[in-house]
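What follows is the content of entry01.csv (CSV, C-alpha atoms).
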```
chain,number,residue,atom,x,y,z
A,1,MET,CA,-48.4,47.6,0.2
A,2,GLN,CA,-49.5,51.0,-1.0
A,3,GLN,CA,-50.1,53.9,1.4
A,4,ASN,CA,-53.9,53.6,0.9
A,5,GLU,CA,-53.8,49.9,2.0
A,6,LEU,CA,-52.2,50.6,5.3
A,7,THR,CA,-54.1,50.4,8.5
A,8,GLN,CA,-54.6,53.5,10.6
A,9,GLU,CA,-52.1,52.2,13.1
A,10,GLU,CA,-49.4,51.6,10.4
A,11,LYS,CA,-50.0,55.1,9.1
A,12,LEU,CA,-49.5,56.6,12.5
A,13,GLN,CA,-46.3,54.5,13.0
A,14,ASP,CA,-45.0,55.7,9.6
A,15,GLU,CA,-45.5,59.3,10.8
A,16,VAL,CA,-43.5,58.5,13.9
A,17,LEU,CA,-40.7,56.9,11.8
A,18,ARG,CA,-40.5,59.9,9.5
A,19,GLU,CA,-40.1,62.2,12.4
A,20,ALA,CA,-37.6,59.8,14.0
A,21,ALA,CA,-35.6,59.8,10.7
A,22,VAL,CA,-35.1,63.5,10.8
A,23,LEU,CA,-33.9,63.4,14.4
A,24,LEU,CA,-31.7,60.4,13.7
A,25,LEU,CA,-29.8,62.1,10.8
A,26,GLU,CA,-29.2,65.2,12.9
A,27,TRP,CA,-27.8,63.1,15.7
A,28,PHE,CA,-25.7,61.0,13.3
A,29,ASP,CA,-24.1,64.1,11.8
A,30,GLY,CA,-22.6,64.8,15.2
A,31,HIS,CA,-22.1,61.4,16.6
A,32,ALA,CA,-20.9,59.1,13.7
A,33,ARG,CA,-17.8,57.1,14.7
A,34,ILE,CA,-14.6,57.5,12.7
A,35,LEU,CA,-14.2,54.1,11.1
A,36,PRO,CA,-11.7,53.0,8.4
A,37,TRP,CA,-14.3,51.9,5.9
A,38,ARG,CA,-16.0,55.3,6.3
A,39,GLU,CA,-12.9,57.3,5.5
A,40,GLU,CA,-12.8,56.1,1.9
A,41,VAL,CA,-16.2,54.8,0.8
A,42,THR,CA,-16.1,52.5,-2.2
A,43,PRO,CA,-18.5,49.6,-3.0
A,44,TYR,CA,-15.7,47.0,-2.4
A,45,ARG,CA,-14.7,48.5,1.0
A,46,VAL,CA,-18.3,48.7,2.1
A,47,TRP,CA,-18.8,45.1,1.1
A,48,VAL,CA,-15.7,43.8,2.9
A,49,SER,CA,-16.5,45.7,6.1
A,50,GLU,CA,-20.1,44.5,6.2
A,51,ILE,CA,-19.2,40.9,5.8
A,52,MET,CA,-16.5,41.2,8.5
A,53,LEU,CA,-18.9,42.9,10.8
A,54,GLN,CA,-21.4,40.1,10.8
A,55,GLN,CA,-21.3,38.7,14.4
A,56,THR,CA,-18.0,40.5,15.1
A,57,ARG,CA,-17.5,43.7,17.1
A,58,VAL,CA,-16.4,46.9,15.4
A,59,GLU,CA,-13.2,47.3,17.4
A,60,ALA,CA,-12.2,43.7,16.6
A,61,VAL,CA,-12.8,44.2,12.9
A,62,LYS,CA,-10.7,47.3,12.4
A,63,PRO,CA,-7.2,45.7,12.2
A,64,PHE,CA,-8.5,42.9,10.1
A,65,PHE,CA,-10.1,45.3,7.7
A,66,GLN,CA,-7.0,47.4,7.3
A,67,ARG,CA,-4.8,44.3,6.7
A,68,PHE,CA,-7.2,42.6,4.3
A,69,THR,CA,-7.8,45.7,2.1
A,70,GLN,CA,-4.1,46.5,2.0
A,71,ALA,CA,-3.4,43.0,0.8
A,72,LEU,CA,-6.4,42.7,-1.4
A,73,PRO,CA,-7.4,46.3,-2.4
A,74,ASN,CA,-10.0,45.5,-5.0
A,75,VAL,CA,-12.3,42.9,-6.5
A,76,GLU,CA,-9.7,41.6,-8.9
A,77,ALA,CA,-7.2,41.0,-6.1
A,78,LEU,CA,-9.8,39.1,-4.1
A,79,ALA,CA,-10.8,37.0,-7.1
A,80,ASN,CA,-7.3,36.0,-7.8
A,81,CYS,CA,-6.0,35.4,-4.3
A,82,GLU,CA,-4.6,31.9,-3.6
A,83,GLU,CA,-6.9,30.1,-1.0
A,84,ASP,CA,-4.3,29.5,1.8
A,85,ARG,CA,-3.4,33.2,1.7
A,86,LEU,CA,-7.0,34.2,1.6
A,87,LEU,CA,-7.8,32.1,4.7
A,88,LYS,CA,-4.7,33.4,6.4
A,89,LEU,CA,-5.8,37.0,5.9
A,90,TRP,CA,-9.2,36.0,7.4
A,91,GLU,CA,-7.6,34.1,10.3
A,92,GLY,CA,-9.2,35.0,13.6
A,93,LEU,CA,-12.5,36.3,12.2
A,94,GLY,CA,-14.0,32.9,12.0
A,95,TYR,CA,-16.9,31.9,9.7
A,96,TYR,CA,-14.5,31.1,6.9
A,97,ASN,CA,-17.2,30.2,4.4
A,98,ARG,CA,-17.9,34.0,4.3
A,99,VAL,CA,-14.6,34.8,2.8
A,100,ARG,CA,-14.8,31.9,0.4
A,101,ASN,CA,-18.2,33.1,-0.7
A,102,MET,CA,-16.7,36.6,-1.1
A,103,GLN,CA,-14.1,35.2,-3.5
A,104,THR,CA,-16.8,33.3,-5.5
A,105,ALA,CA,-18.8,36.5,-5.7
A,106,ALA,CA,-15.6,38.5,-6.7
A,107,LYS,CA,-15.0,36.0,-9.6
A,108,THR,CA,-18.6,36.6,-10.8
A,109,VAL,CA,-18.1,40.4,-10.6
A,110,MET,CA,-15.0,40.1,-12.7
A,111,GLN,CA,-16.7,38.0,-15.3
A,112,ASP,CA,-20.1,39.7,-15.4
A,113,TYR,CA,-19.6,43.3,-14.2
A,114,ASP,CA,-16.1,44.2,-15.4
A,115,GLY,CA,-14.7,44.1,-11.8
A,116,GLU,CA,-17.1,46.6,-10.3
A,117,LEU,CA,-19.9,45.6,-7.9
A,118,PRO,CA,-23.2,46.4,-9.6
A,119,ALA,CA,-25.1,49.5,-8.7
A,120,ASP,CA,-28.3,47.5,-8.5
A,121,TYR,CA,-29.9,45.9,-5.4
A,122,GLN,CA,-31.2,42.8,-7.2
A,123,ALA,CA,-27.9,42.2,-9.0
A,124,LEU,CA,-26.0,42.5,-5.6
A,125,LEU,CA,-28.5,40.1,-4.1
A,126,SER,CA,-27.7,37.5,-6.7
A,127,LEU,CA,-24.0,37.3,-5.7
A,128,LYS,CA,-22.8,34.4,-3.6
A,129,GLY,CA,-22.9,35.2,0.1
A,130,ILE,CA,-24.7,38.6,-0.2
A,131,GLY,CA,-28.1,38.7,1.5
A,132,SER,CA,-30.7,41.4,1.8
A,133,TYR,CA,-28.8,43.3,4.5
A,134,THR,CA,-25.4,43.4,2.8
A,135,ALA,CA,-27.0,44.2,-0.6
A,136,GLY,CA,-28.9,47.1,1.1
A,137,ALA,CA,-25.8,48.4,2.8
A,138,VAL,CA,-23.7,48.4,-0.4
A,139,ALA,CA,-26.5,49.8,-2.5
A,140,SER,CA,-27.3,52.6,-0.1
A,141,ILE,CA,-23.9,53.5,1.3
A,142,ALA,CA,-21.8,53.2,-1.9
A,143,TYR,CA,-24.4,54.0,-4.5
A,144,ASN,CA,-26.9,56.2,-2.6
A,145,LEU,CA,-29.9,53.9,-3.6
A,146,PRO,CA,-32.9,54.1,-1.3
A,147,VAL,CA,-32.8,50.5,-0.1
A,148,PRO,CA,-33.0,49.4,3.6
A,149,ALA,CA,-30.3,47.4,5.3
A,150,VAL,CA,-32.0,45.6,8.2
A,151,ASP,CA,-29.8,43.8,10.7
A,152,GLY,CA,-30.2,43.0,14.4
A,153,ASN,CA,-29.5,46.6,15.4
A,154,VAL,CA,-32.2,48.0,13.2
A,155,LEU,CA,-34.7,45.4,14.3
A,156,ARG,CA,-34.0,46.2,17.9
A,157,VAL,CA,-34.2,50.0,17.7
A,158,ILE,CA,-37.4,50.1,15.6
A,159,SER,CA,-39.0,47.4,17.8
A,160,ARG,CA,-38.4,49.6,20.8
A,161,LEU,CA,-39.3,52.9,19.1
A,162,LEU,CA,-42.7,51.5,18.0
A,163,GLU,CA,-43.1,49.0,20.8
A,164,LEU,CA,-43.4,46.0,18.5
A,165,TYR,CA,-43.7,42.5,19.9
A,166,ASP,CA,-43.1,40.5,16.8
A,167,ASP,CA,-40.4,37.8,17.0
A,168,ILE,CA,-37.4,39.3,15.2
A,169,MET,CA,-35.9,35.9,14.5
A,170,LYS,CA,-38.7,35.3,11.9
A,171,ASP,CA,-37.9,36.0,8.3
A,172,SER,CA,-41.4,37.4,7.8
A,173,VAL,CA,-40.8,40.0,10.5
A,174,LYS,CA,-37.5,41.1,8.9
A,175,LYS,CA,-39.2,41.4,5.5
A,176,ALA,CA,-42.0,43.4,7.0
A,177,MET,CA,-39.4,45.7,8.7
A,178,GLU,CA,-37.7,46.2,5.3
A,179,THR,CA,-41.0,47.2,3.7
A,180,ARG,CA,-41.8,49.5,6.6
A,181,ILE,CA,-38.4,51.3,6.4
A,182,ARG,CA,-38.5,51.5,2.6
A,183,ARG,CA,-41.7,53.6,2.9
A,184,ILE,CA,-40.1,56.2,5.1
A,185,MET,CA,-36.5,56.3,3.9
A,186,PRO,CA,-35.0,59.7,3.2
A,187,GLU,CA,-34.3,59.4,-0.5
A,188,ASP,CA,-31.6,62.1,-0.4
A,189,ARG,CA,-29.5,60.3,2.3
A,190,PRO,CA,-30.4,56.6,2.3
A,191,GLY,CA,-26.8,55.5,3.1
A,192,ALA,CA,-26.4,57.9,6.0
A,193,PHE,CA,-29.9,56.8,7.3
A,194,ASN,CA,-29.0,53.1,7.2
A,195,GLN,CA,-25.6,53.8,8.9
A,196,ALA,CA,-27.3,56.0,11.5
A,197,LEU,CA,-29.8,53.2,12.4
A,198,MET,CA,-26.9,50.8,12.8
A,199,GLU,CA,-24.9,53.3,14.9
A,200,LEU,CA,-27.8,54.0,17.2
A,201,GLY,CA,-28.2,50.3,17.9
A,202,ALA,CA,-24.4,49.7,18.3
A,203,THR,CA,-23.7,52.7,20.6
A,204,VAL,CA,-27.0,53.8,22.4
A,205,CYS,CA,-29.8,51.3,22.1
A,206,VAL,CA,-27.4,48.5,22.8
A,207,PRO,CA,-28.1,44.7,22.7
A,208,ASN,CA,-26.3,43.9,26.0
A,209,GLY,CA,-26.8,45.9,29.1
A,210,PRO,CA,-29.1,48.9,29.7
A,211,ALA,CA,-30.1,51.2,26.9
A,212,ARG,CA,-28.5,54.7,27.1
A,213,CYS,CA,-31.8,56.5,26.7
A,214,GLU,CA,-30.5,59.8,28.0
A,215,GLU,CA,-28.2,59.9,24.9
A,216,CYS,CA,-30.9,58.8,22.4
A,217,PRO,CA,-32.3,61.3,19.8
A,218,TRP,CA,-35.6,59.3,20.1
A,219,GLN,CA,-36.1,59.5,23.8
A,220,GLU,CA,-39.2,61.6,23.5
A,221,LEU,CA,-40.7,59.4,20.7
A,222,CYS,CA,-39.8,56.0,22.0
A,223,GLN,CA,-42.9,54.0,23.0
A,224,ALA,CA,-40.8,51.4,24.9
A,225,ARG,CA,-39.2,54.1,27.0
A,226,LYS,CA,-42.6,55.7,27.6
A,227,HIS,CA,-44.1,52.5,28.8
A,228,GLY,CA,-41.1,51.0,30.6
A,229,THR,CA,-40.9,48.0,28.3
A,230,ILE,CA,-37.3,48.4,26.9
A,231,SER,CA,-36.0,45.3,28.7
A,232,GLU,CA,-38.8,43.2,27.1
A,233,LEU,CA,-37.9,44.2,23.5
A,234,PRO,CA,-37.1,43.0,21.0
A,235,VAL,CA,-38.8,39.7,21.2
A,236,LYS,CA,-36.3,37.0,20.1
A,237,ALA,CA,-37.0,33.3,20.1
A,238,ALA,CA,-34.5,31.2,22.0
A,239,LYS,CA,-31.8,29.5,20.0
A,240,LYS,CA,-31.4,25.8,19.8
A,241,LYS,CA,-28.9,24.3,22.2
A,242,ARG,CA,-25.4,23.8,20.7
A,243,ARG,CA,-24.2,20.2,20.1
A,244,ILE,CA,-21.3,19.3,22.4
A,245,GLU,CA,-18.3,17.5,20.9
A,246,GLU,CA,-15.3,16.2,22.9
A,247,ARG,CA,-11.9,16.5,21.2
A,248,THR,CA,-8.4,15.6,22.0
A,249,ILE,CA,-5.7,18.0,20.7
A,250,LEU,CA,-2.2,16.8,20.1
A,251,ILE,CA,1.0,18.9,19.9
A,252,ILE,CA,3.4,16.5,18.2
A,253,SER,CA,7.0,17.8,18.1
A,254,ASP,CA,10.1,16.2,16.6
A,255,GLY,CA,12.5,18.9,17.8
A,256,ASP,CA,11.9,22.4,16.4
A,257,ARG,CA,9.0,21.3,14.2
A,258,ALA,CA,5.4,20.5,15.1
A,259,ALA,CA,2.8,18.6,13.2
A,260,ILE,CA,-0.1,20.2,11.5
A,261,CYS,CA,-2.8,18.7,9.3
A,262,ARG,CA,-5.1,20.0,6.7
A,263,ARG,CA,-8.8,19.5,7.4
A,264,PRO,CA,-11.1,17.9,4.9
A,265,ASP,CA,-12.5,20.0,2.0
A,266,HIS,CA,-16.0,19.7,3.5
A,267,GLY,CA,-17.7,20.3,6.8
A,268,LEU,CA,-16.6,22.5,9.7
A,269,LEU,CA,-13.4,24.6,9.1
A,270,ARG,CA,-13.0,22.9,5.7
A,271,GLY,CA,-9.6,23.4,4.1
A,272,MET,CA,-8.0,25.0,7.1
A,273,TYR,CA,-4.9,23.7,9.0
A,274,GLU,CA,-5.1,22.4,12.5
A,275,LEU,CA,-3.1,20.6,15.2
A,276,PRO,CA,-3.8,16.9,15.0
A,277,SER,CA,-7.1,16.2,16.8
A,278,LEU,CA,-9.1,13.1,17.7
A,279,GLU,CA,-12.7,12.5,18.6
A,280,GLY,CA,-13.4,12.0,22.3
A,281,HIS,CA,-11.4,12.6,25.4
A,282,LEU,CA,-8.5,10.1,25.2
A,283,SER,CA,-6.2,9.0,28.0
A,284,GLN,CA,-2.4,9.2,27.7
A,285,ASP,CA,-2.2,5.5,27.0
A,286,GLU,CA,-4.8,5.8,24.2
A,287,VAL,CA,-2.9,8.7,22.7
A,288,LEU,CA,0.4,6.8,22.8
A,289,ASP,CA,-1.2,3.8,21.2
A,290,TYR,CA,-2.6,6.0,18.4
A,291,LEU,CA,0.7,7.6,17.7
A,292,ARG,CA,2.4,4.3,17.3
A,293,THR,CA,-0.2,3.3,14.6
A,294,GLN,CA,0.9,6.5,12.8
A,295,ASN,CA,4.6,5.3,12.7
A,296,PHE,CA,5.6,7.7,15.4
A,297,SER,CA,8.0,6.8,18.3
A,298,PRO,CA,6.9,8.8,21.4
A,299,LEU,CA,9.6,9.9,23.8
A,300,HIS,CA,7.7,12.0,26.3
A,301,ILE,CA,4.0,13.0,26.9
A,302,ARG,CA,2.5,15.6,29.1
A,303,THR,CA,-1.1,16.7,29.8
A,304,LEU,CA,-2.1,20.2,28.8
A,305,SER,CA,-4.9,22.4,30.2
A,306,GLU,CA,-8.5,21.9,29.1
A,307,ALA,CA,-10.2,24.4,26.7
A,308,LYS,CA,-13.4,25.0,24.9
A,309,HIS,CA,-14.4,26.8,21.7
A,310,ILE,CA,-17.9,27.8,20.7
A,311,PHE,CA,-19.0,27.8,17.1
A,312,SER,CA,-22.5,28.9,16.1
A,313,HIS,CA,-24.1,25.4,16.4
A,314,VAL,CA,-21.3,23.3,18.0
A,315,GLU,CA,-19.2,23.6,21.1
A,316,TRP,CA,-15.8,21.8,21.3
A,317,ARG,CA,-14.7,20.7,24.7
A,318,MET,CA,-11.0,19.9,24.4
A,319,ILE,CA,-8.2,18.2,26.3
A,320,GLY,CA,-4.7,18.3,25.0
A,321,TYR,CA,-1.3,16.5,25.1
A,322,GLN,CA,2.1,17.7,24.2
A,323,ILE,CA,4.2,14.8,22.8
A,324,ARG,CA,7.9,14.7,21.9
A,325,ILE,CA,8.8,12.0,19.3
A,326,GLU,CA,11.9,10.8,17.6
A,327,GLU,CA,12.3,12.4,14.2
A,328,PRO,CA,10.3,10.0,12.0
A,329,GLU,CA,11.9,8.4,8.9
A,330,GLU,CA,8.4,8.2,7.4
A,331,TYR,CA,4.9,9.0,8.5
A,332,GLU,CA,1.4,9.3,7.2
A,333,GLU,CA,1.0,11.8,4.4
A,334,LYS,CA,-1.6,13.8,6.2
A,335,TYR,CA,1.0,15.2,8.7
A,336,LEU,CA,3.1,18.2,7.8
A,337,PHE,CA,6.0,19.0,10.2
A,338,VAL,CA,6.6,22.8,10.2
A,339,GLU,CA,8.6,25.2,12.3
A,340,PRO,CA,6.2,27.4,14.4
A,341,GLU,CA,7.4,30.6,12.8
A,342,GLU,CA,6.4,29.3,9.4
A,343,THR,CA,3.1,28.0,10.7
A,344,GLU,CA,2.3,31.4,12.1
A,345,LYS,CA,3.2,33.2,8.9
A,346,ASN,CA,1.8,30.9,6.2
A,347,TYR,CA,-0.7,28.4,7.4
A,348,PRO,CA,-4.3,29.5,8.3
A,349,ILE,CA,-5.2,27.9,11.7
A,350,PRO,CA,-8.6,28.5,13.2
A,351,ALA,CA,-9.0,30.3,16.6
A,352,ALA,CA,-10.5,27.1,18.0
A,353,PHE,CA,-6.9,26.0,18.5
A,354,SER,CA,-5.6,29.2,20.1
A,355,ALA,CA,-5.3,27.7,23.6
A,356,TYR,CA,-3.0,25.0,22.3
A,357,VAL,CA,-0.9,26.8,19.6
A,358,ARG,CA,0.3,29.0,22.4
A,359,TYR,CA,2.4,26.1,23.7
A,360,LEU,CA,4.4,26.6,20.4
A,361,ASP,CA,4.5,30.4,20.8
A,362,ILE,CA,2.2,30.8,17.9
A,363,ARG,CA,-0.3,33.7,17.9
A,364,LEU,CA,-3.4,33.7,15.8
A,365,GLY,CA,-5.5,36.4,14.2
A,366,GLN,CA,-6.2,39.5,16.2
A,367,GLU,CA,-3.7,38.7,19.0
A,368,LYS,CA,-0.9,38.5,16.4
A,369,TYR,CA,-1.9,41.7,14.6
A,370,GLU,CA,-2.2,43.7,17.8
A,371,GLU,CA,1.3,42.6,19.0
A,372,GLU,CA,2.8,43.5,15.6
A,373,GLN,CA,1.1,47.0,15.8
A,374,ASN,CA,2.4,47.6,19.3
A,375,LYS,CA,6.1,46.8,18.4
```
Once you've parsed the file, please lay out its structure as structure tokens.
Amino acid sequence: MQQNELTQEEKLQDEVLREAAVLLLEWFDGHARILPWREEVTPYRVWVSEIMLQQTRVEAVKPFFQRFTQALPNVEALANCEEDRLLKLWEGLGYYNRVRNMQTAAKTVMQDYDGELPADYQALLSLKGIGSYTAGAVASIAYNLPVPAVDGNVLRVISRLLELYDDIMKDSVKKAMETRIRRIMPEDRPGAFNQALMELGATVCVPNGPARCEECPWQELCQARKHGTISELPVKAAKKKRRIEERTILIISDGDRAAICRRPDHGLLRGMYELPSLEGHLSQDEVLDYLRTQNFSPLHIRTLSEAKHIFSHVEWRMIGYQIRIEEPEEYEEKYLFVEPEETEKNYPIPAAFSAYVRYLDIRLGQEKYEEEQNK
């Protein structure tokens, strides 16, 4: 939409946004957090950080980012990484399809762009797993292109600033916000502007808890603050209820080793390793009967605590058993008996099993990295 096609209200809102952009950049220059991906800005590092930060807190991402970029410092290393190692590096972050998509995109970049992420918004958007937000972040932060990067933080702070009651869960609202921001973006500092919007939403105009209006550079401009409607905004349609699945988790040990299995190459947590698990909540007798069908000879069984794990659309409610068996002469090919130290080091296991791998003194993801750093 051209400027002369805008309504009078939109023109007035654009003027507010332009004034807000000046105040925001002044604030950001004095309040930007020191983050590892900001210390050395490259297209690859921006890309990795933005994918990791999707639905994950900044503080949680820091150790993962450092470890991942040390192990895989560039597009070529990511493209050539063996899958089990790649998933192990991502262990604890969840949403494993994201890192698989990154590797697919890295292979495309190696083949079509000589190993360098393209300095073009549409070309970035064409890469596997890169949507409008990530493409905008890489284009603006790494290449200084005037392209918006609209995420939940941006939708929230602009909705409150202009007192907009559109449902931010709708794609049409997000696209309209991208168009709105593109019109007023400071062309000399687009990357800083996008980061400043994210920063404001992450540290001041926060999603959970009261907004810290007294710290906000927009406190005099904000319509929601003026009219006392901050708690009403942004408007966000309720999510669908998660599907509940009951699972029985088995810790099967034959001495120093415990059984793990590889999940199928499709569906939830595809290709990861797990403790053997069964659908439903089984009794001890049912578990023992099952083990015998797998050619195991159970010696002892004990009930473990209950646990649950929430995925985006599914919630696992789990019970568990720890079973000691005679060392089997032969067993089903799907089982792999591994010492816990080797499992922790080499086999990517989802955080969904964290409550149960602790019985084997195995730590997963962030917990493991934090302990290693504190030694």
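Of the listed residues A:Leu360, A:Leu200, A:Val157, A:Leu233, the one whose atoms come nearest to Ile251 (chain A) is A:Leu360, with distances taken using all atoms listed in the file.
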> Any idea what the distance is between CA of Cys222 (chain A) and CA of Arg57 (chain A)?
Replying inline: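 The value is 25.9 Å.
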> Which value, in Å to one decimal, gives the distance between CA of Glu344 (chain A) and CA of Leu86 (chain A)?
Replying inline: 14.3 Å
> Using only C-alpha atoms, which residue out of A:Arg363, A:Arg292, A:Arg262, A:His31 lies closest to Tyr335 (chain A)?
Replying inline: A:Arg262
>> Can you pull out the residues contacting Ile130 (chain A)? Cut-off 9 Å, using all atoms listed in the file, and skip same-chain residues under 6 positions away; I want them as a list in words.
In response: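 Residues meeting the cut-off are Trp47, Ile51, Asn101, Met102, Ala105 and Leu124 of chain A.
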>> To one decimal place in Å, what is the distance between CA of Arg98 (chain A) and CA of Gln54 (chain A)?
In response: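 Pair CA of Arg98 (chain A) / CA of Gln54 (chain A) returns 9.6 Å.
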> Which polymer residues have any atom within 10 Å of an atom of Thr343 (chain A), counting all atoms listed in the file, with same-chain residues fewer than 6 positions away left out, as a ChimeraX atom specification?
Replying inline: /A:257-260,273,337,349,357,360,362-363
>> Counting only C-alpha atoms, which residues have an atom no more than 12 Å from (-46.9, 51.7, 13.5) in the file's coordinates? Please list them as a ChimeraX atom specification.
In response: /A:6-18,158-165,176-177,180-181,183-184,222-223
>> Show me, as a PyMOL selection string, the residues that have an atom within 7 Å of region 134-150 of chain A when counting only C-alpha atoms, minus same-chain residues fewer than 6 positions from it.
In response: chain A and resi 41-43+46-47+50+119-121+124-125+178+181-182+185+187+189-192+194
> Neighbours of Arg324 (chain A) within 10 Å (all atoms listed in the file; same-chain residues fewer than 4 positions away dropped), as a PyMOL selection string?
Replying inline: chain A and resi 251-255+258+296-302
Kindly export the residues of the current selection with C-alpha atoms, as a JSON list (two decimals), in the coordinates of the input.
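Writing done, so here's out.json:
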```json
[["chain", "number", "residue", "atom", "x", "y", "z"],
["A", 251, "ILE", "CA", 1.00, 18.90, 19.90],
["A", 252, "ILE", "CA", 3.40, 16.50, 18.20],
["A", 253, "SER", "CA", 7.00, 17.80, 18.10],
["A", 254, "ASP", "CA", 10.10, 16.20, 16.60],
["A", 255, "GLY", "CA", 12.50, 18.90, 17.80],
["A", 258, "ALA", "CA", 5.40, 20.50, 15.10],
["A", 296, "PHE", "CA", 5.60, 7.70, 15.40],
["A", 297, "SER", "CA", 8.00, 6.80, 18.30],
["A", 298, "PRO", "CA", 6.90, 8.80, 21.40],
["A", 299, "LEU", "CA", 9.60, 9.90, 23.80],
["A", 300, "HIS", "CA", 7.70, 12.00, 26.30],
["A", 301, "ILE", "CA", 4.00, 13.00, 26.90],
["A", 302, "ARG", "CA", 2.50, 15.60, 29.10]]
```
> Using all atoms listed in the file, which of the listed residues (A:Ser283, A:Thr293, A:Ser126, A:Gln55) sits closest to Asp112 (chain A)?
Replying inline: A:Ser126
> Taking into account only C-alpha atoms, which residue in the set A:Ala71, A:Val154, A:Val173, A:Ile249 is nearest to Arg85 (chain A)?
Replying inline: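 Of the candidates, the smallest distance to Arg85 (chain A) is held by A:Ala71.
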> Using only C-alpha atoms, which of A:Asn346, A:Leu23, A:Glu245, A:Leu35 sits nearest Pro63 (chain A)?
Replying inline: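 Of all the options, A:Leu35 lies closest to Pro63 (chain A).
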> Closest to Gly92 (chain A) among A:Met272, A:Ala20, A:Val287, A:Leu336, using all atoms listed in the file?
Replying inline: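 The closest residue to Gly92 (chain A) is A:Met272.
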>> Could you list, as a PyMOL selection string, every residue within 8 Å of Tyr96 (chain A), counting all atoms listed in the file and ignoring same-chain residues fewer than 5 positions away?
In response: chain A and resi 87+90+269
